[in-house]
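Student: The structure follows.
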There are 2 protein chains.
Amino acid sequence: MENLDDLRESIDKIDRALILLLAERFRVTQQVGRYKWQHGLPAVDEAREQTQFERLGRLAQEGGLNPELIYKLYRLIIDEVVENHLELQRRLSQ
Amino acid sequence: MENLDDLRESIDKIDRALILLLAERFRVTQQVGRYKWQHGLPAVDEAREQTQFERLGRLAQEGGLNPELIYKLYRLIIDEVVENHLELQRRLSQ
């Protein structure tokens, strides 16, 4: 049995990795936003979103995670992505 | 400029990695929950939580992420952790 400090150090390392990955995810979605602007595509793609959520639910279950938690987390992430896309479109259209 | 399919494939790979990391995070927090139960510690540690949120805000800013988004994501994650701790305590106390 590890002690509490060791366990918390593991959690902190995982959190650092999670945030680095999220930062990378937002870098890629900014490229998506730019692509969408260049090709006149809307900021939201409901079919893609639905496919993503179905896949995320499967991945959550495979990982023993509560799918409802994953849906809530990704709702926040994807809403922020869409907000960024709209902001980018406003900026590039000026 | 990469095409949309390539960018979305990158996002899907990042999401897989994010969910694997989250699953690992919940495995470690389950160990924390067990430790807390064995040592009669409460499920919530407000001082630890505050330290975590301050650190998460710094990491978010370093990664160019919106700290408010990170706070919202971690509020959901930590609420789920606490719920799991309470559930574990109920189960182990029976």
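So you can find residues: chains in the structure tokens are A, B, ... in the order shown, residues in each start at 1, and ligands are numbered from 1 in order.
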Could you list, as a PDB file with N, CA and C atoms, in the first residue's frame, every residue within 10 Å of stretch 38-45 of chain A, counting only C-alpha atoms and ignoring same-chain residues fewer than 6 positions away?

Tutor:
ATOM      1  N   VAL A  32      -8.642  22.860 -37.218  1.00  0.00           N
ATOM      2  CA  VAL A  32      -9.952  22.514 -37.783  1.00  0.00           C
ATOM      3  C   VAL A  32     -10.762  23.786 -38.027  1.00  0.00           C
ATOM      4  N   ILE A  78     -16.267  20.590 -26.033  1.00  0.00           N
ATOM      5  CA  ILE A  78     -16.725  20.854 -27.404  1.00  0.00           C
ATOM      6  C   ILE A  78     -17.422  22.220 -27.484  1.00  0.00           C
ATOM      7  N   ASP A  79     -18.127  22.616 -26.435  1.00  0.00           N
ATOM      8  CA  ASP A  79     -18.712  23.965 -26.437  1.00  0.00           C
ATOM      9  C   ASP A  79     -17.612  25.029 -26.522  1.00  0.00           C
ATOM     10  N   VAL A  81     -14.653  24.559 -27.904  1.00  0.00           N
ATOM     11  CA  VAL A  81     -14.121  24.473 -29.272  1.00  0.00           C
ATOM     12  C   VAL A  81     -14.999  25.281 -30.226  1.00  0.00           C
ATOM     13  N   VAL A  82     -16.318  25.110 -30.120  1.00  0.00           N
ATOM     14  CA  VAL A  82     -17.237  25.820 -31.011  1.00  0.00           C
ATOM     15  C   VAL A  82     -17.118  27.327 -30.791  1.00  0.00           C
ATOM     16  N   GLU A  83     -17.029  27.725 -29.531  1.00  0.00           N
ATOM     17  CA  GLU A  83     -16.853  29.155 -29.218  1.00  0.00           C
ATOM     18  C   GLU A  83     -15.568  29.687 -29.858  1.00  0.00           C
ATOM     19  N   ASN A  84     -14.496  28.883 -29.794  1.00  0.00           N
ATOM     20  CA  ASN A  84     -13.228  29.277 -30.425  1.00  0.00           C
ATOM     21  C   ASN A  84     -13.371  29.383 -31.946  1.00  0.00           C
ATOM     22  N   HIS A  85     -14.118  28.424 -32.534  1.00  0.00           N
ATOM     23  CA  HIS A  85     -14.323  28.461 -33.991  1.00  0.00           C
ATOM     24  C   HIS A  85     -15.050  29.747 -34.384  1.00  0.00           C
ATOM     25  N   LEU A  86     -16.090  30.084 -33.624  1.00  0.00           N
ATOM     26  CA  LEU A  86     -16.879  31.286 -33.949  1.00  0.00           C
ATOM     27  C   LEU A  86     -16.023  32.542 -33.793  1.00  0.00           C
ATOM     28  N   GLU A  87     -15.213  32.567 -32.740  1.00  0.00           N
ATOM     29  CA  GLU A  87     -14.312  33.699 -32.500  1.00  0.00           C
ATOM     30  C   GLU A  87     -13.303  33.823 -33.652  1.00  0.00           C
ATOM     31  N   LEU A  88     -12.755  32.678 -34.077  1.00  0.00           N
ATOM     32  CA  LEU A  88     -11.795  32.669 -35.198  1.00  0.00           C
ATOM     33  C   LEU A  88     -12.475  33.171 -36.477  1.00  0.00           C
ATOM     34  N   GLN A  89     -13.706  32.715 -36.727  1.00  0.00           N
ATOM     35  CA  GLN A  89     -14.433  33.159 -37.923  1.00  0.00           C
ATOM     36  C   GLN A  89     -14.667  34.669 -37.891  1.00  0.00           C
ATOM     37  N   LEU A  92     -11.191  36.294 -38.585  1.00  0.00           N
ATOM     38  CA  LEU A  92     -10.681  36.154 -39.957  1.00  0.00           C
ATOM     39  C   LEU A  92     -11.578  36.893 -40.966  1.00  0.00           C
TER      40      LEU A  92
END

Student: Residues of chain A classed as helix (DSSP H, G or I) by DSSP on the backbone are to be reported as an MDAnalysis selection string.

Tutor: chainID A and resid 4:38 46:62 67:93

Student: Please indicate the distance in Å from atom CA of B:Glu9 to atom CA of B:Gly57, rounded to one decimal place.

Tutor: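 Answer for the atom CA of B:Glu9 to atom CA of B:Gly57 separation: 28.4 Å.
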
Student: For chain B against chain A, with a cut-off of 6 Å and counting only C-alpha atoms, what is the closest atom pair and its distance in Å to one decimal for every residue that makes the cut, ordered by chain and number, as a tab-separated table?

Tutor:
residue	atom	partner	partner_atom	distance
B:Ala23	CA	A:Gly63	CA	5.5
B:Gly63	CA	A:Ala23	CA	5.5
B:Leu73	CA	A:Leu73	CA	5.8

Student: For the atom pair atom CA of B:Glu68 and atom CA of A:Glu68, what is the interatomic distance in Å to one decimal place?

Tutor: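 Atom CA of A:Glu68 lies at a distance of 21.0 Å from atom CA of B:Glu68.
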